[in-house]
Amino acid sequence: MASSTSIQRLLFPPSTPHRRPTSLSAATRTPAESSTAVEPSRLESRVEKTEKGFWVLKEEHRTGINPQEKVKLAKEPMSLFMEGGIHELAAVPMEEIDKSKLSKDDVDVRLKWLGLFHRRKQQYGRFMMRLKLPNGVTTSEQTRYLAGVIAAYGDQGCADVTTRQNWQIRGVTLPDVPAILDGLVAVGLTSLQSGMDNVRNPVGNPLAGIDPHEIVDTRPYTNLLSSYITGNSKGNPEITNLPRKWNVCVIGSHDLYEHPHINDLAYMPAMKNRKFGFNLLVGGFFSPKRCEEAIPLDAWVPGDDVIPVCKAILEAYRDLGNRGNRQRTRMMWLIDELGIEVFRSEVAKRMPRGELERAAEQDLIDKKWERRDLLGVHPQKQPGFSFVGLHIPVGRVQASDMVELARLADQYGSGELRLTVEQNIIIPNVENSKVEQLLKEPLLKKFSPEPSLLMKSLVACTGNQFCGQAIIETKARALKVTEEVERLVSVPKTVRMHWTGCPNTCGQVQVADIGFMGCMTRDSEGKIVEGADVFLGGRIGSDSHLGEVYKKAVPCKDLVPLVADILVEKFGAVRRDREEDDEEN
């Protein structure tokens, strides 16, 4: 990885005077008021390290803990991987596994530390496997391997691009898991520590290294973060017992494709004393009971300290975080309790030198920047090359699609694919002379580089087709509702619509222009039907803002006219029948 000094030279060569950024970013927002006092005993670690290197909750803090904490205490989840327990478990039939609470908790809870999620309600005996794919960068070889895995499961197998630039594959059966894990390692992938109380996939600029306007290439940082988090894919027990899940991103462009305001830790590029580094935002999260945007930690670290500060923040959260009510265990709750200054001091104490620099006055984000479209054909910073962004409808792909994507990446690009948080895919490094032929490929009729304005930013979580948490079906419905709305109205610009099947909001409805959160409701005849709470007003970029509920419990069958009305009233849409009248006149 390039050092902070070399990155500094790249950004500001000696012959170029240092230009101060033109505006302030989200990193300058005023943090919440700090608590006036914190008892010293509250700052004593609540966890301790075992002889095997795992961290467990101390005996005196085990009262009132949530059920998930009890599962961790009963058996260390990482032992299934680090001590080979998965081989023994995979050899046991599901019916036998279900007879014991310990082994049943293995498949329903502890396997999530290996990235495996049992779909007990929808696909008994089958699992979704979530990978680690830092910065959303993957290769044709990796894509073919994953295609081969899901192809073996026929109609039960498929894959999804997630809202964290990641792959999830579906249909996996337990006896196959050891071989699949070995196969992942062989192609340079891992699924380790991608679920439950672990750090999620590190997100970065999907155009890293090819972006003509990038501030910094995020790939070295996200790769380092992923290596640290997973112990180089061998497991990192230092941070596998967090109070709750934890998200991280590194910002590389003015577009803020990485959505820093909804991450537990966001690195915002900033210069200090002519040295490149990052201001830090902390605490952003979504949950069924509360959603909060990240706030400034009032801290700056040089580029070389990206891992030390991540480690310090995670250890402060691990040591001090609450483990009672599951809805009050995300890191922002700890920040609220301690106050931002006390939390900051706890992070500083865990830094290698026991200190943390105050934030740079400004960061490098141009607040007036207009976010660029990633879909279609765009020039790279490398002369003679372009990247081509493909729209993947609601992120769903089949094995045959993945094989074709891998072929296109090899034939027209450099054998690389990039995943985006909008659930789309980019083929980078396409020679300009090959672009025209690429656009004629049959797969691009399905995965269009030029989708409609309503389709191009459509996002949907898994929904109740596969997910036991989801209340409603989302992916097929999102496509159908959008298609029907497009028949009614014409929009002048992209409108971002997100669907999520339940209040866990994996579909991130709060950042959408229009969001739909699944619920059950009654229709006009009093029948219980699938419905959605409709959100409006979410914004992304430097003026980010979380959306709020516009209308609650709308039956899904009534959404089309409502959405059409919203688009006309708030987004400048024109009704199709009016368009036809205008043309006739």
# chains A, B, ... in the order shown; residues from 1 in each chain; ligands from 1
>>> residues_around(residues="Ile97 in chain A", least_positions_apart="4", cutoff="12 Å", atoms="only C-alpha atoms", output="list in words")
Glu88, Leu89, Ala90, Ala91, Val92, Pro93, Lys101, Leu102, Ser103, Lys104, Asp105, Asp106, Val107, Asp108, Gly125 and Leu174 of chain A
>>> closest_atom_pairs(of="range 161-257 of chain A", to="range 264-283 of chain A", cutoff="8 Å", atoms="only C-alpha atoms", output="CSV")
residue,atom,partner,partner_atom,distance
A:Ile215,CA,A:Pro269,CA,7.5
A:Val216,CA,A:Pro269,CA,7.7
A:Trp246,CA,A:Asp264,CA,5.9
A:Asn247,CA,A:Asp264,CA,5.1
A:Val248,CA,A:Leu265,CA,4.8
A:Cys249,CA,A:Ala266,CA,5.0
A:Val250,CA,A:Tyr267,CA,4.8
A:Ile251,CA,A:Met268,CA,5.5
A:Gly252,CA,A:Pro269,CA,7.2
>>> select_by_dssp(residues="range 232-368 of chain A", states="strand (DSSP E or B)", output="NGL selection string")
:A and (246 or 248-250 or 265-272 or 275-282 or 285-286 or 291-292 or 295-302 or 357)
>>> write_last_selection(atoms="C-alpha atoms", output="PDB file, in the first residue's frame")
ATOM      1  CA  TRP A 246     -20.528  -2.582  12.597  1.00  0.00           C
ATOM      2  CA  VAL A 248     -17.069   0.892   7.744  1.00  0.00           C
ATOM      3  CA  CYS A 249     -16.324   2.819   4.546  1.00  0.00           C
ATOM      4  CA  VAL A 250     -13.502   4.821   2.998  1.00  0.00           C
ATOM      5  CA  LEU A 265     -16.959   4.577  10.871  1.00  0.00           C
ATOM      6  CA  ALA A 266     -16.366   6.665   7.759  1.00  0.00           C
ATOM      7  CA  TYR A 267     -12.957   7.882   6.639  1.00  0.00           C
ATOM      8  CA  MET A 268     -13.288  11.337   5.017  1.00  0.00           C
ATOM      9  CA  PRO A 269     -10.147  12.344   3.040  1.00  0.00           C
ATOM     10  CA  ALA A 270      -8.544  15.470   4.513  1.00  0.00           C
ATOM     11  CA  MET A 271      -5.205  17.273   4.493  1.00  0.00           C
ATOM     12  CA  LYS A 272      -3.536  18.423   7.692  1.00  0.00           C
ATOM     13  CA  LYS A 275      -0.122  15.599   4.919  1.00  0.00           C
ATOM     14  CA  PHE A 276      -2.832  13.323   3.551  1.00  0.00           C
ATOM     15  CA  GLY A 277      -5.156  11.519   5.924  1.00  0.00           C
ATOM     16  CA  PHE A 278      -8.753  11.226   7.025  1.00  0.00           C
ATOM     17  CA  ASN A 279     -11.233  13.001   9.271  1.00  0.00           C
ATOM     18  CA  LEU A 280     -13.472  10.491  11.018  1.00  0.00           C
ATOM     19  CA  LEU A 281     -17.238  10.196  11.249  1.00  0.00           C
ATOM     20  CA  VAL A 282     -18.704   7.702  13.714  1.00  0.00           C
ATOM     21  CA  PHE A 285     -26.688   3.238  11.683  1.00  0.00           C
ATOM     22  CA  PHE A 286     -30.166   1.935  10.876  1.00  0.00           C
ATOM     23  CA  CYS A 291     -31.809   5.551  12.676  1.00  0.00           C
ATOM     24  CA  GLU A 292     -28.962   8.035  13.092  1.00  0.00           C
ATOM     25  CA  ILE A 295     -21.266  12.479  13.610  1.00  0.00           C
ATOM     26  CA  PRO A 296     -17.691  13.841  13.703  1.00  0.00           C
ATOM     27  CA  LEU A 297     -15.273  12.272  16.164  1.00  0.00           C
ATOM     28  CA  ASP A 298     -13.200  15.456  15.875  1.00  0.00           C
ATOM     29  CA  ALA A 299     -10.236  13.313  14.905  1.00  0.00           C
ATOM     30  CA  TRP A 300      -7.814  13.112  11.984  1.00  0.00           C
ATOM     31  CA  VAL A 301      -5.440  10.270  11.223  1.00  0.00           C
ATOM     32  CA  PRO A 302      -2.705  10.059   8.574  1.00  0.00           C
ATOM     33  CA  GLU A 357      -5.102  14.321  16.639  1.00  0.00           C
TER      34      GLU A 357
END
>>> closest_residue(among="A:Glu39, A:Asp543, A:Glu83, A:Glu525", to="Val511 in chain A", atoms="only C-alpha atoms")
A:Asp543
>>> residues_around(residues="Ser253 in chain A", least_positions_apart="6", cutoff="9 Å", atoms="only C-alpha atoms", output="list in words")
Asn205, Leu207, Ala208, Asp211, His213, Glu214, Ile215, Val216, Asp217, Pro269, Leu364 and Ile365 of chain A
>>> write_last_selection(atoms="N, CA, C and O atoms", output="short mmCIF file (atom, residue, chain, number, x, y, z; two decimals), in the first residue's frame")
data_model
loop_
_atom_site.label_atom_id
_atom_site.label_comp_id
_atom_site.auth_asym_id
_atom_site.auth_seq_id
_atom_site.Cartn_x
_atom_site.Cartn_y
_atom_site.Cartn_z
N ASN A 205 -14.90 3.59 -3.04
CA ASN A 205 -15.31 4.17 -4.32
C ASN A 205 -15.33 3.08 -5.39
O ASN A 205 -14.29 2.46 -5.67
N LEU A 207 -15.23 3.35 -8.40
CA LEU A 207 -14.36 3.76 -9.50
C LEU A 207 -12.91 3.92 -9.06
O LEU A 207 -12.11 4.56 -9.75
N ALA A 208 -12.57 3.35 -7.91
CA ALA A 208 -11.21 3.52 -7.37
C ALA A 208 -10.15 3.13 -8.39
O ALA A 208 -10.20 2.06 -8.99
N ASP A 211 -11.02 6.48 -11.74
CA ASP A 211 -11.85 7.68 -11.69
C ASP A 211 -11.04 8.93 -12.03
O ASP A 211 -10.08 9.26 -11.32
N HIS A 213 -11.69 11.86 -11.50
CA HIS A 213 -11.87 12.90 -10.49
C HIS A 213 -11.70 12.39 -9.06
O HIS A 213 -12.09 13.07 -8.11
N GLU A 214 -11.14 11.20 -8.90
CA GLU A 214 -11.05 10.65 -7.54
C GLU A 214 -10.09 11.47 -6.68
O GLU A 214 -9.12 12.08 -7.17
N ILE A 215 -10.37 11.48 -5.40
CA ILE A 215 -9.50 12.15 -4.43
C ILE A 215 -8.37 11.22 -4.03
O ILE A 215 -7.21 11.61 -3.94
N VAL A 216 -8.73 9.96 -3.78
CA VAL A 216 -7.73 8.96 -3.40
C VAL A 216 -8.27 7.58 -3.80
O VAL A 216 -9.48 7.35 -3.79
N ASP A 217 -7.38 6.70 -4.18
CA ASP A 217 -7.73 5.31 -4.50
C ASP A 217 -8.03 4.60 -3.19
O ASP A 217 -7.15 4.43 -2.33
N PRO A 269 -11.49 11.86 3.39
CA PRO A 269 -10.15 12.34 3.04
C PRO A 269 -9.96 13.82 3.40
O PRO A 269 -10.83 14.65 3.13
N LEU A 364 -11.53 17.18 1.95
CA LEU A 364 -11.29 17.40 0.53
C LEU A 364 -12.54 17.21 -0.33
O LEU A 364 -12.45 17.17 -1.55
N ILE A 365 -13.70 17.10 0.31
CA ILE A 365 -14.94 16.89 -0.43
C ILE A 365 -15.50 18.22 -0.92
O ILE A 365 -15.65 19.16 -0.14
#
>>> closest_residue(among="A:Glu96, A:Glu238, A:Glu422, A:Glu51", to="Asn198 in chain A", atoms="only C-alpha atoms")
A:Glu238
>>> atom_distance(atom1="CA of Lys121 in chain A", atom2="CA of Ile169 in chain A")
17.3 Å
>>> residues_around(residues="Arg407 in chain A", least_positions_apart="2", cutoff="12 Å", atoms="only C-alpha atoms", output="number ranges by chain")
A: 139-144, 400-405, 409-417, 427, 438, 441, 443
>>> residues_around(residues="Met351 in chain A", least_positions_apart="6", cutoff="8 Å", atoms="only C-alpha atoms", output="ChimeraX atom specification")
/A:308-309,312
>>> write_last_selection(atoms="N, CA and C atoms", output="mmCIF file, in the first residue's frame")
data_model
loop_
_atom_site.group_PDB
_atom_site.id
_atom_site.type_symbol
_atom_site.label_atom_id
_atom_site.label_comp_id
_atom_site.auth_asym_id
_atom_site.auth_seq_id
_atom_site.Cartn_x
_atom_site.Cartn_y
_atom_site.Cartn_z
ATOM 1 N N PRO A 308 -4.788 1.263 12.735
ATOM 2 C CA PRO A 308 -4.733 1.505 14.174
ATOM 3 C C PRO A 308 -5.975 2.193 14.733
ATOM 4 N N VAL A 309 -6.523 3.173 14.014
ATOM 5 C CA VAL A 309 -7.691 3.863 14.562
ATOM 6 C C VAL A 309 -8.943 2.997 14.446
ATOM 7 N N ALA A 312 -8.675 0.712 17.356
ATOM 8 C CA ALA A 312 -8.950 1.395 18.626
ATOM 9 C C ALA A 312 -10.443 1.622 18.818
#
>>> residues_around(residues="Lys475 in chain A", least_positions_apart="4", cutoff="9 Å", atoms="only C-alpha atoms", output="VMD selection string")
chain A and resid 393 to 396 459 to 463 465 479 to 480 499
>>> write_last_selection(atoms="all heavy atoms", output="mmCIF file, in the first residue's frame")
data_model
loop_
_atom_site.group_PDB
_atom_site.id
_atom_site.type_symbol
_atom_site.label_atom_id
_atom_site.label_comp_id
_atom_site.auth_asym_id
_atom_site.auth_seq_id
_atom_site.Cartn_x
_atom_site.Cartn_y
_atom_site.Cartn_z
ATOM 1 N N PRO A 393 -31.180 -5.480 -12.485
ATOM 2 C CA PRO A 393 -32.477 -5.238 -11.842
ATOM 3 C C PRO A 393 -32.555 -5.847 -10.441
ATOM 4 O O PRO A 393 -32.418 -7.057 -10.270
ATOM 5 C CB PRO A 393 -33.475 -5.902 -12.804
ATOM 6 C CG PRO A 393 -32.798 -5.824 -14.136
ATOM 7 C CD PRO A 393 -31.336 -6.062 -13.837
ATOM 8 N N VAL A 394 -32.720 -4.973 -9.453
ATOM 9 C CA VAL A 394 -32.771 -5.287 -8.014
ATOM 10 C C VAL A 394 -31.664 -6.247 -7.564
ATOM 11 O O VAL A 394 -31.800 -6.963 -6.578
ATOM 12 C CB VAL A 394 -34.167 -5.802 -7.570
ATOM 13 C CG1 VAL A 394 -35.196 -4.697 -7.694
ATOM 14 C CG2 VAL A 394 -34.624 -7.025 -8.351
ATOM 15 N N GLY A 395 -30.544 -6.260 -8.303
ATOM 16 C CA GLY A 395 -29.358 -6.980 -7.857
ATOM 17 C C GLY A 395 -29.350 -8.476 -8.036
ATOM 18 O O GLY A 395 -28.377 -9.139 -7.665
ATOM 19 N N ARG A 396 -30.382 -9.054 -8.634
ATOM 20 C CA ARG A 396 -30.495 -10.520 -8.723
ATOM 21 C C ARG A 396 -29.824 -11.060 -9.987
ATOM 22 O O ARG A 396 -30.091 -10.565 -11.078
ATOM 23 C CB ARG A 396 -31.976 -10.899 -8.681
ATOM 24 C CG ARG A 396 -32.302 -12.381 -8.877
ATOM 25 C CD ARG A 396 -31.694 -13.282 -7.825
ATOM 26 N NE ARG A 396 -31.976 -12.903 -6.461
ATOM 27 C CZ ARG A 396 -33.115 -13.156 -5.803
ATOM 28 N NH1 ARG A 396 -34.101 -13.770 -6.408
ATOM 29 N NH2 ARG A 396 -33.246 -12.803 -4.534
ATOM 30 N N VAL A 459 -33.571 -0.141 -5.776
ATOM 31 C CA VAL A 459 -32.871 -1.036 -4.849
ATOM 32 C C VAL A 459 -33.913 -1.849 -4.085
ATOM 33 O O VAL A 459 -34.963 -1.316 -3.703
ATOM 34 C CB VAL A 459 -31.993 -0.231 -3.863
ATOM 35 C CG1 VAL A 459 -31.480 -1.114 -2.725
ATOM 36 C CG2 VAL A 459 -30.816 0.412 -4.597
ATOM 37 N N ALA A 460 -33.617 -3.119 -3.859
ATOM 38 C CA ALA A 460 -34.538 -3.947 -3.071
ATOM 39 C C ALA A 460 -33.758 -4.981 -2.281
ATOM 40 O O ALA A 460 -32.819 -5.590 -2.791
ATOM 41 C CB ALA A 460 -35.558 -4.644 -3.975
ATOM 42 N N CYS A 461 -34.149 -5.174 -1.035
ATOM 43 C CA CYS A 461 -33.543 -6.212 -0.203
ATOM 44 C C CYS A 461 -34.032 -7.579 -0.671
ATOM 45 O O CYS A 461 -34.796 -7.690 -1.638
ATOM 46 C CB CYS A 461 -33.885 -5.984 1.268
ATOM 47 S SG CYS A 461 -35.581 -6.460 1.696
ATOM 48 N N THR A 462 -33.654 -8.610 0.032
ATOM 49 C CA THR A 462 -34.000 -9.978 -0.364
ATOM 50 C C THR A 462 -35.502 -10.227 -0.353
ATOM 51 O O THR A 462 -36.045 -10.902 -1.229
ATOM 52 C CB THR A 462 -33.315 -10.973 0.594
ATOM 53 O OG1 THR A 462 -31.915 -10.764 0.544
ATOM 54 C CG2 THR A 462 -33.651 -12.396 0.229
ATOM 55 N N GLY A 463 -36.207 -9.686 0.656
ATOM 56 C CA GLY A 463 -37.634 -9.933 0.767
ATOM 57 C C GLY A 463 -37.940 -11.324 1.284
ATOM 58 O O GLY A 463 -37.044 -12.137 1.536
ATOM 59 N N GLN A 465 -39.020 -13.928 -0.039
ATOM 60 C CA GLN A 465 -38.744 -15.102 -0.860
ATOM 61 C C GLN A 465 -37.702 -15.972 -0.184
ATOM 62 O O GLN A 465 -37.778 -17.211 -0.233
ATOM 63 C CB GLN A 465 -38.257 -14.686 -2.252
ATOM 64 C CG GLN A 465 -37.919 -15.884 -3.142
ATOM 65 C CD GLN A 465 -37.284 -15.471 -4.453
ATOM 66 O OE1 GLN A 465 -36.994 -14.289 -4.676
ATOM 67 N NE2 GLN A 465 -37.055 -16.433 -5.331
ATOM 68 N N LEU A 479 -39.942 -4.340 -8.993
ATOM 69 C CA LEU A 479 -39.902 -4.241 -10.455
ATOM 70 C C LEU A 479 -41.292 -4.023 -11.034
ATOM 71 O O LEU A 479 -41.479 -3.170 -11.924
ATOM 72 C CB LEU A 479 -39.280 -5.516 -11.047
ATOM 73 C CG LEU A 479 -37.782 -5.720 -10.781
ATOM 74 C CD1 LEU A 479 -37.361 -7.121 -11.190
ATOM 75 C CD2 LEU A 479 -36.961 -4.679 -11.524
ATOM 76 N N LYS A 480 -42.273 -4.759 -10.525
ATOM 77 C CA LYS A 480 -43.631 -4.644 -11.060
ATOM 78 C C LYS A 480 -44.225 -3.271 -10.796
ATOM 79 O O LYS A 480 -44.807 -2.644 -11.702
ATOM 80 C CB LYS A 480 -44.525 -5.729 -10.446
ATOM 81 C CG LYS A 480 -45.943 -5.723 -10.994
ATOM 82 C CD LYS A 480 -46.815 -6.775 -10.336
ATOM 83 C CE LYS A 480 -48.233 -6.708 -10.890
ATOM 84 N NZ LYS A 480 -49.167 -7.595 -10.170
ATOM 85 N N TRP A 499 -36.636 -0.466 -1.625
ATOM 86 C CA TRP A 499 -37.605 -1.355 -0.968
ATOM 87 C C TRP A 499 -36.889 -2.178 0.100
ATOM 88 O O TRP A 499 -35.800 -2.697 -0.145
ATOM 89 C CB TRP A 499 -38.213 -2.308 -1.979
ATOM 90 C CG TRP A 499 -39.187 -1.671 -2.919
ATOM 91 C CD1 TRP A 499 -38.899 -0.819 -3.952
ATOM 92 C CD2 TRP A 499 -40.610 -1.856 -2.937
ATOM 93 N NE1 TRP A 499 -40.048 -0.461 -4.604
ATOM 94 C CE2 TRP A 499 -41.111 -1.081 -4.008
ATOM 95 C CE3 TRP A 499 -41.496 -2.597 -2.154
ATOM 96 C CZ2 TRP A 499 -42.471 -1.033 -4.302
ATOM 97 C CZ3 TRP A 499 -42.847 -2.553 -2.460
ATOM 98 C CH2 TRP A 499 -43.319 -1.768 -3.508
#
>>> select_by_dssp(residues="range 51-176 of chain A", states="helix (DSSP H, G or I)", output="PyMOL selection string")
chain A and resi 59-61+67-74+79-82+85-90+94-97+101-108+110-114+134-136+140-151+154-156+174-176
>>> closest_residue(among="A:Leu453, A:Val495, A:Tyr124, A:Leu356", to="Asp98 in chain A", atoms="only C-alpha atoms")
A:Tyr124
>>> atom_distance(atom1="CA of Pro352 in chain A", atom2="CA of Trp55 in chain A")
20.4 Å
>>> closest_residue(among="A:Leu567, A:Ile150, A:Ile340, A:Leu559", to="Val397 in chain A", atoms="only C-alpha atoms")
A:Ile150
>>> atom_distance(atom1="CA of Val172 in chain A", atom2="CA of Leu131 in chain A")
13.0 Å
>>> residues_around(residues="Pro40 in chain A", least_positions_apart="3", cutoff="12 Å", atoms="only C-alpha atoms", output="JSON, numbers by chain")
{"A": [37, 43, 44, 45, 320, 338, 342, 346]}
>>> closest_residue(among="A:Met94, A:Val534, A:Leu546, A:Leu390", to="Leu419 in chain A", atoms="only C-alpha atoms")
A:Leu390
